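Peer 1: Can you read through this structure? Questions will come right after.
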Number of protein chains: 4
Amino acid sequence: MSNSWGKMWRITTYGESHGTSIGVIIDGCPAGLRIDMELVQKALDRRRPGQSALSSARKESDLVELESGIFEGVTTGTPIHLKLKNRDARSKDYESIRQAYRPSHADYSYEAKYGHRDYRGGGRASARETACRVAAGAIAQQFLAHWDIEIHAFVSQIGSTKLDKDQPGEVNYEEIERQLTRCPDPKSSKAMEAAIHSARESKDSLGGQICGHILNVPAGLGEPVYDKLHARLGAAMLSINAVKGFSYGSGFAGSEMRGSAHNDAFVMEEGKIGTTTNHSGGIQGGISNGMPIYFHTAFKPVASIGRKQASVNERGETIDLSIEGRHDPCVVPRAVPIVEAMAALTIADFLLLQQTQKVL
Amino acid sequence: MSNSWGKMWRITTYGESHGTSIGVIIDGCPAGLRIDMELVQKALDRRRPGQSALSSARKESDLVELESGIFEGVTTGTPIHLKLKNRDARSKDYESIRQAYRPSHADYSYEAKYGHRDYRGGGRASARETACRVAAGAIAQQFLAHWDIEIHAFVSQIGSTKLDKDQPGEVNYEEIERQLTRCPDPKSSKAMEAAIHSARESKDSLGGQICGHILNVPAGLGEPVYDKLHARLGAAMLSINAVKGFSYGSGFAGSEMRGSAHNDAFVMEEGKIGTTTNHSGGIQGGISNGMPIYFHTAFKPVASIGRKQASVNERGETIDLSIEGRHDPCVVPRAVPIVEAMAALTIADFLLLQQTQKVL
Amino acid sequence: MSNSWGKMWRITTYGESHGTSIGVIIDGCPAGLRIDMELVQKALDRRRPGQSALSSARKESDLVELESGIFEGVTTGTPIHLKLKNRDARSKDYESIRQAYRPSHADYSYEAKYGHRDYRGGGRASARETACRVAAGAIAQQFLAHWDIEIHAFVSQIGSTKLDKDQPGEVNYEEIERQLTRCPDPKSSKAMEAAIHSARESKDSLGGQICGHILNVPAGLGEPVYDKLHARLGAAMLSINAVKGFSYGSGFAGSEMRGSAHNDAFVMEEGKIGTTTNHSGGIQGGISNGMPIYFHTAFKPVASIGRKQASVNERGETIDLSIEGRHDPCVVPRAVPIVEAMAALTIADFLLLQQTQKVL
Amino acid sequence: MSNSWGKMWRITTYGESHGTSIGVIIDGCPAGLRIDMELVQKALDRRRPGQSALSSARKESDLVELESGIFEGVTTGTPIHLKLKNRDARSKDYESIRQAYRPSHADYSYEAKYGHRDYRGGGRASARETACRVAAGAIAQQFLAHWDIEIHAFVSQIGSTKLDKDQPGEVNYEEIERQLTRCPDPKSSKAMEAAIHSARESKDSLGGQICGHILNVPAGLGEPVYDKLHARLGAAMLSINAVKGFSYGSGFAGSEMRGSAHNDAFVMEEGKIGTTTNHSGGIQGGISNGMPIYFHTAFKPVASIGRKQASVNERGETIDLSIEGRHDPCVVPRAVPIVEAMAALTIADFLLLQQTQKVL
């Protein structure tokens with residue numbers, strides 16, 4: 001049951017990184033939504049490895065194929081199947097790691113779970129699965145556009161280089177795609193680029209953080225107890241490969257503030273209720289309050305590095321491990337569209353769920 | 001659908017803070033488990049307001065009543081219903097806030113969602129709901145004890161006072177309950193106490209952080225894609241009132257490390273596979289690897305403070321709001337058993353789910 | 001996970017027949033619905049054993065208590081908890097059957113499942129659980145009343161006595177409650193009464209059938225593939241104790257018809273699309289078409305009879321078994337409100353689900 | 001949410017009859033199961049239209065393609081995707097019915113639900129979707145073979161021709177596939193064949209019934225309240241196109257019996273508990289008791305017939321409708337593998353669910 005996300009807007013993904021194809025079934029998208037498949041492809045292109053000078057040379061084939069659920073450009077209410085063919089499996093690349101447990105990969109824990117593992121690049125643990133999320137998220141974003149809901153994610157940290165101003169109102173969204181790092185501040189972005197190049201030269205890797213803004217969410221989305229908006233959003237982000245932490249609004253820093261400073265005073269603004277500050281991050285009691293939602297997501301450095309590492313193999317023997325191939329020293333910029341996609345899927349789910357409150 | 005948690009070990013809670021009773025139904029606990037109801041009561045006592053000099057004077061009646069599912073001290077496989085009666089509603093206390101939107105409470109967002117709100121203390125948004133989680137968690141912990149799985153949560157920060165050493169192996173668990181703050185380091189605890197007293201004097205409130213350790217989890221728990229162990233654990237924590245962030249293992253700090261430093265090298269230890277470091281926090285690819293699991297949870301300062309605050313009321317009029325009654329300046333120590341409970345419920349769920357892999 | 005029903009309008013029941021209490025949590029009922037608790041009690045009274053000369057003398061205490069979710073007579077959107085206290089357990093009555101497997105009861109299959117059983121009257125297998133369904137169904141019916149949706153169930157067969165005319169338009173619903181058997185035809189009802197009295201005299205039991213009509217369901221409810229309206233309705237009915245079969249529309253008899261006779265021709269009637277015949281029973285392709293929905297449910301004769309029967313006990317020894325106490329020779333009339341309740345819960349669920357199609 | 005079936009062994013299907021492809025994702029099949037894809041293809045061949053002189057000439061391309069989840073012939077624990085390409089869409093065939101509501105098809109109810117419909121042969125309402133169930137069921141049957149669980153379905157009635165003896169022990173399963181009608185009694189089968197030919201000549205159609213036997217199910221499967229084994233099995237069958245009714249064990253006839261005759265006396269047989277009769281159909285209190293499970297499913301006659309019929313179109317105009325093409329006068333024989341598949345999927349689900357009871 002681990003391969004589905006969402007209750008009303010529900011996606012199910014399938015496919016190993018080195019099998020025939022991967023794909024996603026979207027169940028629950030209402031009928032009558034006009035879909036631009038170009039926007040889906042564009043989102044996939046933003047996630048694809050090898051898209052910029054910063055990333056690995058490995059090129060994945062991410063040409064989306066529509067198998068069902070959209071007829072004459074409009075959703076029919078039936079399951080939408082988006083498929084991506086895998087290219088040739090190149091099993092040779094993985095022969096050297098066939099019996100080794102790569103440090104901080106899922107090799108050992110998978111084997112403990114399933115009694116075996118697919119040594120060809122990680123099977124379902126591979127980040128290739130996230131392409132399916134991006135495709136499904138691009139459909140969800142077209143759905144959210146009907147409410148003018150906008151989702152913007154961007155890199156706010158690479159290694160120890162941080163973006164100072166990352167809150168709603170402080171960021172020029174148009175700058176995001178102009179920067180190789182997807183950090184909207186050109187100066188910070190240059191510093192991040194330098195850090196990535198330096199990590200590559202040392203055959204090492206870097207982590208970082210992505211900040212997400214969700215604008216124009218109507219007040220009232222989210223469920224009050226277990227399915228709080230931020231709890232589902234957090235789970236969505238934590239389900240992305242390499243994510244180690246999630247916070248929203250004031251986040252971890254908020255735990256150092258006093259209540260009198262942290263509380264967001266309500267005010268009337270142009271006939272609408274808002275708050276003077278937004279430490280709540282647009283969510284109160286698990287439910288959106290109409291203010292911008294913002295959150296942070298922390299990525300660890302990629303586990304695949306070119307350096308020789310110590311490990312053990314399936315027989316429990318100590319080994320020296322070198323993972324061949326060109327490695328991506330920092331996946332954080334490429335993870336931006338994944339963060340957007342998971343946010344879009346989560347908000348779409350809550351939007352549908354909220355319809356049941358409007359029935360009387 | 002917001003009032004249930006878990007797939008196989010599933011709880012459903014009900015009850016408003018000022019209604020007749022609150023309670024929890026546990027569905028999915030296997031038959032044949034001997035239950036000590038004293039342990040359930042003990043866990044509830046640890047969460048109860050008014051238990052120490054640090055907390056609010058308000059006393060909630062948290063005497064657990066067993067309504068079903070346990071016969072002659074043993075679970076029967078049928079739903080376990082644990083109930084807590086509410087004491088007299090004292091609606092008078094809430095009259096002053098009846099039409100006001102309290103800052104950083106759920107008053108406004110609830111009203112946006114449901115078209116109304118229960119002004120008597122927050123309804124389901126009240127932290128009183130978490131008593132049900134603690135009761136259910138105490139049953140789950142007795143289930144986990146069969147695998148020697150231990151869960152220890154403790155306060156690692158109050159305001160700006162932090163505990164230095166909080167990783168597995170660095171903490172003396174026996175000290176936790178000896179300290180009023182539930183911070184296991186006596187010296188830090190004293191400083192935290194002082195900070196809480198100071199906040200109370202200024203009619204203000206403090207946030208903080210809770211660290212959780214889960215020991216002896218067998219390798220192989222968790223689902224690889226959307227229901228990663230840490231994604232579900234994160235959602236569990238983020239569903240607790242006032243939680244603003246969650247991280248596991250190296251967390252947000254991990255995003256500043258290089259891969260060569262962050263990777264946990266596998267080693268053989270006493271015939272068992274382990275890792276030299278544990279930045280992974282016991283979870284790799286969303287699945288437990290047999291190492292200790294640890295995580296951090298950030299709490300914002302309590303929104304209810306004695307100070308006068310600006311706000312608006314239901315008619316959109318600007319008001320000055322004073323929330324009467326004695327307020328708890330810091331709920332973080334009392335949240336420790338809630339964190340433990342949500343961790344126990346999450347692990348119990350994954351343990352049951354993993355049984356389906358053992359069928360062949 | 002066996003104790004919940006419904007996806008959007010979701011009920012969870014708890015309680016053994018001889019424990020402290022039984023009850024139901026309703027999660028998903030929208031906020032703002034005015035509830036008349038008298039109607040809930042009235043529905044419970046119709047299910048209660050000992051209500052008429054036809055049924056068993058055993059009196060269950062079915063006084064409904066409202067614990068949460070309704071404030072000042074209106075639903076709040078939070079879980080509604082309805083509770084029924086059990087009366088004194090009278091364990092003595094069950095001592096004689098403590099180790100015996102009663103024929104056609106769930107004694108043996110429960111023990112195979114759980115490794116034990118609650119010998120006090122069947123635990124969760126007891127029909128007492130259905131009181132919870134009736135209470136929840138009475139809330140759902142008040143919800144459905146907003147769409148003028150009406151649900152009428154009645155006895156169409158007892159033993160071999162059948163009601164000739166039972167289709168929508170052929171039945172006088174006002175007659176149902178006037179008859180002890182709840183068969184709306186007075187003459188058939190008298191014959192059924194006689195059959196029940198005769199069965200009682202022989203310390204035996206009778207089965208029968210219940211027919212259900214659901215009127216004014218808007219076209220478009222139901223989901224096309226697995227959650228067809230009639231598939232969920234069938235599961236709802238088959239989950240009622242003693243039900244052995246379900247059919248809708250032309251049912252089993254329809255399998256003997258030719259397509260040209262079975263097909264329901266579409267016609268315009270007062271500017272609205274309808275069909276000349278209604279072999280489809282108001283459902284086509286799993287989705288309501290606006291015509292009356294009707295269905296049949298078959299009940300086996302009650303397994304508890306006064307006659308001596310052969311069986312085996314837990315040690316595998318052959319025994320002669322006499323089940324003491326006064327037995328109800330025919331539960332079918334009392335099952336009428338249960339059938340209505342399960343139908344109401346199912347339609348309410350689909351009504352909420354359909355809201356997601358109206359979002360664009 | 002209508003396109004998935006099962007909780008632990010969960011399938012999700014996609015695809016329209018006239019789109020690019022259809023397929024099924026199986027989520028929850030344990031790792032380590034050896035799969036023979038030939039058996040999957042064989043099951044599909046048994047469902048395929050045009051396989052015998054009895055059925056329609058239309059040939060669907062049902063060559064199964066494995067996309068994921070099985071590596072070197074063994075399941076990996078990841079989602080299994082089985083795909084079937086559609087052949088050329090031949091939209092021309094459907095032009096004549098583009099705006100008509102075909103009697104007893106889902107045309108009108110779909111349009112009421114979704115605000116549109118896919119006029120090309122029914123979209124998801126098409127029976128082509130059931131090919132996906134058959135493929136998934138063939139995997140489930142290989143799983144069930146580990147417990148020696150056998151599933152046999154066969155035709156027990158076509159039109160008014162009935163098979164006399166259809167209970168476990170009365171049927172020669174080897175005869176099923178030898179008969180064009182899949183009725184295991186050669187004489188009855190011949191009569192059924194004649195009836196089908198006669199219906200075809202009159203451009204008409206016939207319904208019928210399918211009986212299913214499930215052998216060697218261990219005692220203890222099924223959940224006691226809402227997810228009774230027969231409630232889920234019934235929903236599974238009722239979700240198959242054209243099914244109007246479901247019963248198990250004594251079924252509708254059982255409602256005419258007295259308790260003393262209907263009760264199944266327990267006996268010891270070769271050290272194992274069994275029953276002398278099996279009116280319970282192998283299920284008591286919703287849980288298997290180790291005896292053979294058997295059930296009946298009623299199919300209405302196919303709605304697509306060659307005869308001219310009266311109907312209305314989208315503009316509400318009365319029309320005379322002729323559905324062109326060669327029609328299958330009776331789909332019941334071809335539905336046999338679908339019934340087997342849904343039974344297999346349901347039992348596999350309960351088998352996995354029962355694992356959680358074995359944990360202590």
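In the structure tokens, the first chain shown is A, the next is B, and so on; residue numbers restart at 1 for each chain, and ligands run from 1 in the order shown.
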Tell me, counting only C-alpha atoms, for each residue of chain D within 6 Å of chain A, which pair of atoms is nearest and how far apart they are in Å to one decimal, in rows ordered by chain and increasing number, as a tab-separated table.

Peer 2:
residue	atom	partner	partner_atom	distance
D:Met1	CA	A:Gly28	CA	5.9
D:Tyr14	CA	A:Pro79	CA	5.3
D:Gly15	CA	A:Ser68	CA	5.0
D:Thr20	CA	A:Glu67	CA	5.3
D:Ser21	CA	A:Glu67	CA	5.9
D:Asp27	CA	A:Met1	CA	6.0
D:Gly28	CA	A:Met1	CA	5.9
D:Ala31	CA	A:Tyr114	CA	5.8
D:Glu67	CA	A:Thr20	CA	5.3
D:Ser68	CA	A:Gly15	CA	5.0
D:Pro79	CA	A:Tyr14	CA	5.3
D:Tyr114	CA	A:Ala31	CA	5.7

Peer 1: Let's have the selection written as a short mmCIF file (atom, residue, chain, number, x, y, z; two decimals), in the first residue's frame, with C-alpha atoms.

Peer 2:
data_model
loop_
_atom_site.label_atom_id
_atom_site.label_comp_id
_atom_site.auth_asym_id
_atom_site.auth_seq_id
_atom_site.Cartn_x
_atom_site.Cartn_y
_atom_site.Cartn_z
CA MET D 1 -11.53 6.28 -5.80
CA TYR D 14 -7.01 2.23 -15.91
CA GLY D 15 -7.90 2.61 -19.54
CA THR D 20 -4.30 3.52 -26.20
CA SER D 21 -4.09 0.78 -23.59
CA ASP D 27 0.13 -3.21 -5.03
CA GLY D 28 0.73 -5.46 -2.04
CA ALA D 31 8.08 -10.35 -2.58
CA GLU D 67 5.93 -3.48 -17.23
CA SER D 68 7.16 -3.73 -13.63
CA PRO D 79 3.91 -2.66 -7.89
CA TYR D 114 -19.59 13.42 -15.24
#

Peer 1: Could you please write out, as number ranges by chain, every residue of segment 168-263 of chain A that DSSP assigns to strand (DSSP E or B)?

Peer 2: A: 206, 208-215, 243-248, 258

Peer 1: Neighbouring residues of Ser311 of chain B were defined as those with any atom within 6 Å, considering only C-alpha atoms; residues of the same chain fewer than 5 positions away were excluded. Please report them as number ranges by chain.

Peer 2: A: 265-266; B: 318-319

Peer 1: For Val312 of chain D, please output as an mmCIF file with C-alpha atoms, in the first residue's frame all residues within 12 Å (counting only C-alpha atoms; exclusion window: fewer than 3 positions along the same chain).

Peer 2:
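Once everything was written out, this is selection_18.cif:
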data_model
loop_
_atom_site.group_PDB
_atom_site.id
_atom_site.type_symbol
_atom_site.label_atom_id
_atom_site.label_comp_id
_atom_site.auth_asym_id
_atom_site.auth_seq_id
_atom_site.Cartn_x
_atom_site.Cartn_y
_atom_site.Cartn_z
ATOM 1 C CA ASP C 264 -35.450 -0.368 -20.061
ATOM 2 C CA ALA C 265 -36.407 2.000 -22.870
ATOM 3 C CA PHE C 266 -35.601 5.655 -22.198
ATOM 4 C CA VAL C 267 -38.488 8.124 -22.470
ATOM 5 C CA MET C 268 -39.093 11.772 -21.728
ATOM 6 C CA GLU C 269 -41.530 12.248 -18.857
ATOM 7 C CA GLY C 271 -39.242 17.131 -19.340
ATOM 8 C CA LYS C 272 -37.147 14.593 -17.468
ATOM 9 C CA ILE C 273 -35.498 11.455 -18.764
ATOM 10 C CA GLY C 274 -36.926 8.227 -17.325
ATOM 11 C CA THR C 275 -37.453 4.642 -18.408
ATOM 12 C CA THR C 276 -40.644 2.787 -19.288
ATOM 13 C CA ILE D 97 -24.825 5.964 -31.134
ATOM 14 C CA ARG D 98 -22.867 9.115 -30.423
ATOM 15 C CA GLN D 99 -25.812 11.097 -29.176
ATOM 16 C CA ALA D 100 -28.204 8.289 -28.245
ATOM 17 C CA TYR D 101 -28.737 6.862 -24.787
ATOM 18 C CA ARG D 102 -28.634 3.116 -25.389
ATOM 19 C CA PRO D 103 -31.289 1.330 -23.278
ATOM 20 C CA ASP D 107 -24.744 6.195 -21.302
ATOM 21 C CA TYR D 108 -27.254 8.347 -19.491
ATOM 22 C CA GLN D 309 -35.191 -0.282 -29.871
ATOM 23 C CA ARG D 315 -31.578 16.501 -26.889
ATOM 24 C CA GLY D 316 -34.409 14.513 -25.347
ATOM 25 C CA GLU D 317 -35.832 13.487 -28.734
ATOM 26 C CA THR D 318 -37.443 10.085 -29.099
ATOM 27 C CA ILE D 319 -35.454 7.926 -31.508
ATOM 28 C CA ASP D 320 -35.361 4.450 -32.960
ATOM 29 C CA LEU D 321 -31.992 2.945 -32.207
#

Peer 1: Quick one: DSSP alpha helix (DSSP H) residues in segment 90-258 of chain B, as an MDAnalysis selection string?

Peer 2: chainID B and resid 107:114 130:144 186:201 229:238 251:254

Peer 1: Next, write the just-selected residues to a file, as a PDB file, in the first residue's frame, keeping C-alpha atoms as the atom set.

Peer 2:
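Saved file selection-v1.pdb follows:
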ATOM      1  CA  ASP B 107     -11.007  30.030  15.726  1.00  0.00           C
ATOM      2  CA  TYR B 108     -11.042  31.755  12.362  1.00  0.00           C
ATOM      3  CA  SER B 109      -9.865  28.851  10.198  1.00  0.00           C
ATOM      4  CA  TYR B 110     -12.451  26.513  11.793  1.00  0.00           C
ATOM      5  CA  GLU B 111     -15.180  28.977  11.081  1.00  0.00           C
ATOM      6  CA  ALA B 112     -14.010  29.274   7.483  1.00  0.00           C
ATOM      7  CA  LYS B 113     -14.112  25.509   7.167  1.00  0.00           C
ATOM      8  CA  TYR B 114     -17.323  24.589   8.959  1.00  0.00           C
ATOM      9  CA  THR B 130      -4.355  14.390  22.675  1.00  0.00           C
ATOM     10  CA  ALA B 131      -5.319  12.570  25.877  1.00  0.00           C
ATOM     11  CA  CYS B 132      -6.998  10.005  23.613  1.00  0.00           C
ATOM     12  CA  ARG B 133      -3.762   9.557  21.705  1.00  0.00           C
ATOM     13  CA  VAL B 134      -1.852   9.003  24.906  1.00  0.00           C
ATOM     14  CA  ALA B 135      -4.311   6.329  26.032  1.00  0.00           C
ATOM     15  CA  ALA B 136      -4.135   4.538  22.695  1.00  0.00           C
ATOM     16  CA  GLY B 137      -0.364   4.906  22.597  1.00  0.00           C
ATOM     17  CA  ALA B 138      -0.057   3.238  25.981  1.00  0.00           C
ATOM     18  CA  ILE B 139      -1.795   0.174  24.541  1.00  0.00           C
ATOM     19  CA  ALA B 140       0.510   0.264  21.511  1.00  0.00           C
ATOM     20  CA  GLN B 141       3.556   0.466  23.750  1.00  0.00           C
ATOM     21  CA  GLN B 142       2.498  -2.721  25.515  1.00  0.00           C
ATOM     22  CA  PHE B 143       2.243  -4.332  22.087  1.00  0.00           C
ATOM     23  CA  LEU B 144       5.705  -3.106  21.088  1.00  0.00           C
ATOM     24  CA  PRO B 186      19.427  18.353  35.524  1.00  0.00           C
ATOM     25  CA  LYS B 187      21.405  21.496  34.839  1.00  0.00           C
ATOM     26  CA  SER B 188      19.665  22.349  31.577  1.00  0.00           C
ATOM     27  CA  SER B 189      16.387  21.476  33.209  1.00  0.00           C
ATOM     28  CA  LYS B 190      16.898  24.026  35.945  1.00  0.00           C
ATOM     29  CA  ALA B 191      17.607  26.714  33.363  1.00  0.00           C
ATOM     30  CA  MET B 192      14.460  25.739  31.490  1.00  0.00           C
ATOM     31  CA  GLU B 193      12.407  25.920  34.675  1.00  0.00           C
ATOM     32  CA  ALA B 194      13.669  29.425  35.267  1.00  0.00           C
ATOM     33  CA  ALA B 195      12.752  30.427  31.724  1.00  0.00           C
ATOM     34  CA  ILE B 196       9.229  29.055  32.178  1.00  0.00           C
ATOM     35  CA  HIS B 197       8.739  30.909  35.450  1.00  0.00           C
ATOM     36  CA  SER B 198       9.953  34.105  33.837  1.00  0.00           C
ATOM     37  CA  ALA B 199       7.531  33.680  30.934  1.00  0.00           C
ATOM     38  CA  ARG B 200       4.653  33.108  33.354  1.00  0.00           C
ATOM     39  CA  GLU B 201       5.502  36.275  35.206  1.00  0.00           C
ATOM     40  CA  LEU B 229       8.723   5.285   8.008  1.00  0.00           C
ATOM     41  CA  HIS B 230       9.882   8.845   8.597  1.00  0.00           C
ATOM     42  CA  ALA B 231       7.110  10.324   6.431  1.00  0.00           C
ATOM     43  CA  ARG B 232       4.437   8.666   8.565  1.00  0.00           C
ATOM     44  CA  LEU B 233       6.339   9.465  11.740  1.00  0.00           C
ATOM     45  CA  GLY B 234       6.635  13.063  10.634  1.00  0.00           C
ATOM     46  CA  ALA B 235       2.923  13.307   9.885  1.00  0.00           C
ATOM     47  CA  ALA B 236       2.222  11.790  13.299  1.00  0.00           C
ATOM     48  CA  MET B 237       4.284  14.460  15.028  1.00  0.00           C
ATOM     49  CA  LEU B 238       2.998  17.311  12.856  1.00  0.00           C
ATOM     50  CA  GLY B 251      17.849  16.683  10.067  1.00  0.00           C
ATOM     51  CA  PHE B 252      18.221  20.282   8.929  1.00  0.00           C
ATOM     52  CA  ALA B 253      21.865  20.308  10.013  1.00  0.00           C
ATOM     53  CA  GLY B 254      22.457  17.385   7.641  1.00  0.00           C
TER      54      GLY B 254
END

Peer 1: Give me, please, the distance in Å between atom CA of Ser304 of chain B and atom CA of Met257 of chain A, quoted to one decimal.

Peer 2: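 Straight-line distance from atom CA of Ser304 of chain B to atom CA of Met257 of chain A works out to 14.0 Å.
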
Peer 1: Near Gln209 of chain B, counting only C-alpha atoms, which residues have an atom at most 8 Å away, once you skip same-chain residues fewer than 6 positions from it, shown as a PyMOL selection string?

Peer 2: (chain A and resi 255) or (chain B and resi 155-158+296-299+332)

Peer 1: Skip segment 168-185 of chain C itself and residues of its chain fewer than 4 positions away, then list as an MDAnalysis selection string all residues within 10 Å of it, counting only C-alpha atoms.

Peer 2: chainID C and resid 46 51:55 152:158 162:164 189:193 196 210:215 278 281 291:294 330:336

Peer 1: Restricting it to C-alpha atoms, dump the selection as a PDB file, in the first residue's frame.

Peer 2:
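See again28.pdb below for the written result:
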ATOM      1  CA  ARG C  46     -38.003  -0.304  16.015  1.00  0.00           C
ATOM      2  CA  GLN C  51     -40.987  -4.828  21.004  1.00  0.00           C
ATOM      3  CA  SER C  52     -43.888  -6.958  19.829  1.00  0.00           C
ATOM      4  CA  ALA C  53     -45.717 -10.184  20.562  1.00  0.00           C
ATOM      5  CA  LEU C  54     -43.680 -11.739  17.761  1.00  0.00           C
ATOM      6  CA  SER C  55     -40.241 -11.336  19.183  1.00  0.00           C
ATOM      7  CA  HIS C 152     -38.503   2.372   2.820  1.00  0.00           C
ATOM      8  CA  ALA C 153     -37.770  -1.222   3.763  1.00  0.00           C
ATOM      9  CA  PHE C 154     -40.371  -3.882   4.505  1.00  0.00           C
ATOM     10  CA  VAL C 155     -40.725  -7.618   4.893  1.00  0.00           C
ATOM     11  CA  SER C 156     -41.517  -9.299   1.585  1.00  0.00           C
ATOM     12  CA  GLN C 157     -41.246 -12.897   2.721  1.00  0.00           C
ATOM     13  CA  ILE C 158     -41.307 -14.967   5.923  1.00  0.00           C
ATOM     14  CA  LYS C 162     -44.349 -14.192  -0.012  1.00  0.00           C
ATOM     15  CA  LEU C 163     -45.626 -10.738  -0.794  1.00  0.00           C
ATOM     16  CA  ASP C 164     -46.761 -10.616  -4.419  1.00  0.00           C
ATOM     17  CA  SER C 189     -48.789 -10.263   7.198  1.00  0.00           C
ATOM     18  CA  LYS C 190     -51.386 -12.348   9.053  1.00  0.00           C
ATOM     19  CA  ALA C 191     -50.146 -15.478   7.302  1.00  0.00           C
ATOM     20  CA  MET C 192     -46.580 -14.603   8.250  1.00  0.00           C
ATOM     21  CA  GLU C 193     -47.579 -14.070  11.880  1.00  0.00           C
ATOM     22  CA  ILE C 196     -43.879 -17.328  13.152  1.00  0.00           C
ATOM     23  CA  ILE C 210     -36.651  -7.749   3.126  1.00  0.00           C
ATOM     24  CA  CYS C 211     -37.253  -5.486   0.157  1.00  0.00           C
ATOM     25  CA  GLY C 212     -35.869  -1.950   0.114  1.00  0.00           C
ATOM     26  CA  HIS C 213     -36.916   1.089  -1.921  1.00  0.00           C
ATOM     27  CA  ILE C 214     -34.807   4.234  -2.213  1.00  0.00           C
ATOM     28  CA  LEU C 215     -36.713   7.104  -3.798  1.00  0.00           C
ATOM     29  CA  ASN C 278     -37.222  -0.398 -14.355  1.00  0.00           C
ATOM     30  CA  GLY C 281     -33.569  -1.030 -10.418  1.00  0.00           C
ATOM     31  CA  MET C 291     -35.463   6.048 -11.273  1.00  0.00           C
ATOM     32  CA  PRO C 292     -36.432   4.389  -7.965  1.00  0.00           C
ATOM     33  CA  ILE C 293     -33.775   2.048  -6.597  1.00  0.00           C
ATOM     34  CA  TYR C 294     -35.051  -1.271  -5.249  1.00  0.00           C
ATOM     35  CA  CYS C 330     -37.865 -14.764  13.395  1.00  0.00           C
ATOM     36  CA  VAL C 331     -35.701 -11.646  13.399  1.00  0.00           C
ATOM     37  CA  VAL C 332     -36.644 -10.490   9.917  1.00  0.00           C
ATOM     38  CA  PRO C 333     -39.252  -7.876  11.023  1.00  0.00           C
ATOM     39  CA  ARG C 334     -36.759  -6.376  13.440  1.00  0.00           C
ATOM     40  CA  ALA C 335     -34.114  -6.256  10.717  1.00  0.00           C
ATOM     41  CA  VAL C 336     -36.157  -3.757   8.697  1.00  0.00           C
TER      42      VAL C 336
END

Peer 1: How far is it from atom CA of Glu324 of chain A to atom CA of Lys83 of chain A, in Å with one decimal?

Peer 2: 28.8 Å

Peer 1: Under the rule that only C-alpha atoms are counted, which of A:Gly286, A:Trp5, A:Glu129, A:Gln355 is the nearest residue to Leu44 of chain A?

Peer 2: A:Glu129

Peer 1: So what do you get for atom CA of Asn289 of chain D versus atom CA of Ser247 of chain D, distance-wise?

Peer 2: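 It comes out at 17.4 Å.
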